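Working notes for the structure below.
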Amino acid sequence: MGRQKMAYACKFSMLLMLVAVASALTIESSTKDDLLQCESIVKNWAASSLIDGVQGDKLKLRDLLFFLHVPRTGGRTYFQCFLRKLYTSDLECPRSYDKLRFDPSQPNCRLMATHDDYSIMSKLPKESTSVVTILRNPVDRVFSTYEFSVEVAARFLIHPNLTSATQITGRLRPKARGVSTLDIWPWKYLVPWMREDLFGRREARKLGKVMGIRKRSYSYDMEDIVIPLPAFVNDPLAHEIIHNGATFQVAGLTNNSCLAESHKVRHCVRKHPVLGQHVLDVAKKRLDNMLYVGLTEEHKESAAMFANVVGVQVLSLLEALNSRTNQAVNNRTESEHDSSNQLRDSIDGQKLRETPSVKKIETADENTTVVKLMEAYEACISSLRKSQASRRVSSLKRISPANFSKEARLQVPETLLQQILLLNSLDVELYKHAQNIFAQQRKHFMQKLDTVEIQESMPSNSSGHYAQKAFWLAVTTVFVVLIIVLFVTSRRRTSKLKV
């Protein structure tokens with residue numbers, strides 16, 4: 001009897017093993033099939049994306065400038081303190097810091113600045129659009145994203161509860177001018193999440209579920225007040241939006257993408273990280289084709305190059321457009337004058353119909369130069385940083401003693417920093433590529449400066465040469481005149497003697 005039980009047990013164990021092996025083989029086969037299917041999807045997308053290259057000189061500014069603003073890279077200072085000094089508001093594409101809700105073919109649409117990803121290029125005239133962007137060290141960008149999400153969400157803590165904050169915000173947003181942070185990607189996802197979390201933790205403290213505020217070793221781990229940075233980094237929403245966010249944005253594959261296949265491609269890359277290399281290759285190619293790529297960490301040099309690479313061309317382009325506009329106005333005036341004469345001859349007393357006027361395109365300041373642009377930028381950025389710092393301090397007071405600073409970042413454990421680097425491996429590689437592009441831009445810029453200096457020195461040498469020639473010509477002329485005078489004088493004397 002005992003032997004029979006043992007035999008049954010052995011058979012049952014063997015059956016379980018066979019089922020487990022079969023299940024494992026099925027899962028492995030399914031995983032392989034899924035990987036192959038995903039590989040096909042990602043490769044097809046990458047192949048079609050790499051075909052779309054820039055025709056002509058990529059360093060030449062086109063009619064439409066698209067500023068692809070990667071969040072938390074300092075792009076707002078470029079938009080407010082550079083681009084708005086160059087372009088008047090009527091040259092900005094309508095609602096350009098929100099989803100694309102305009103016809104890009106309208107004649108005065110010259111500047112588009114947006115958090116939308118590169119896929120928006122599918123709605124723009126590619127042959128007449130230049131793209132610029134700024135990238136940042138991935139670890140610092142994750143820190144900054146976390147801090148800004150908390151900062152903006154903390155502003156709502158003036159309300160008694162989450163329901164009140166949500167209802168009042170909902171009533172005020174339609175009446176507000178401009179674009180709300182809650183309408184802009186990725187903050188329209190991150191801020192509501194963080195807002196709900198802050199109110200939840202505050203309610204827990206009020207109800208006594210948390211016995212006071214426990215002392216923490218650093219500001220990024222105060223779970224009684226705000227979601228700790230480690231939990232933020234590992235949250236599914238952070239994986240969807242933040243990690244490798246710059247790569248996906250430049251590639252055009254965010255969850256805000258205009259492309260129908262973007263969700264499948266993004267899902268496949270998240271599931272099979274080995275496929276991320278294809279997305280990275282596309283993002284690198286896109287950077288290569290851009291008019292300008294700046295670096296947050298090289299702020300001053302980036303700003304100088306932006307002014308000289310982009311600013312100069314914007315001024316030149318708008319001047320050329322004005323010239324064409326003025327010519328069109330003159331041609332129209334002459335045409336109307338001729339038509340008026342003909343109509344007066346044929347139809348007595350009939351009035352001419354009014355024709356639409358041609359609007360002159362102007363910069364924000366008609367006397368803008370690169371030097372003045374940089375001076376205005378420095379003044380603007382100083383004012384902007386002061387207002388941002390003041391607002392930040394006011395917001396963080398509501399979640400005190402939590403406080404974010406460069407000093408506080410130094411207290412974050414090395415293990416967490418390494419995890420952030422690992423989760424943003426694509427962004428790390430893209431940032432290295434951006435650094436190489438920046439070095440090439442710097443080299444090209446310095447060569448251009450050297451050429452300008454040589455050209456500027458040539459007129460002074462030439463004028464010295466011309467002055468020297470003029471001097472000898474004057475001396476020769478005077479000498480010739482003297483000879484003629486002496487000759488004439490001698491002839492008169494000879495004539496007097498003969499008489």
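Labels used: A, B, ... for chains in the order of the structure tokens, numbers from 1 for residues in each chain, and numbers from 1 for ligands as shown.
Proximity to Ile437 of chain A at 9 Å, evaluated using only C-alpha atoms and with sequence-adjacent residues fewer than 6 positions away removed, yields Leu287, Asp288, Tyr292, Val293 and Gly294 of chain A.
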Quick one: residues within 10 Å of segment 37-52 of chain A, only C-alpha atoms counted, chain neighbours fewer than 5 positions away excluded, as an MDAnalysis selection string?
chainID A and resid 31:32 119 126 251:252 261:262 264:269 271:272 274:283 285:286
Of A:Thr166, A:Asn424, A:Thr451, A:Ser395, the one nearest to Ala154 of chain A when counting only C-alpha atoms is A:Ser395
Hey, what does DSSP flag as helix (DSSP H, G or I) within segment 193-312 of chain A? Can you give it to me as a ChimeraX atom specification?
/A:193-206,219-221,229-234,236-241,245-251,262-271,273-288,296-312
Polymer residues at most 9 Å from segment 382-390 of chain A, only C-alpha atoms, same-chain spacing of 6 or more positions, as a PyMOL selection string
chain A and resi 77+80-81
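Straight-line separation from atom CA of Pro273 of chain A to atom CA of Asn244 of chain A: 11.3 Å.
Coordinates place atom CA of Thr296 of chain A at a distance of 13.9 Å from atom CA of Ala439 of chain A.
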Thr114 of chain A proximity check over A:Leu59, A:Glu151, A:Asn161, A:Ile184, using only C-alpha atoms: winner is A:Ile184
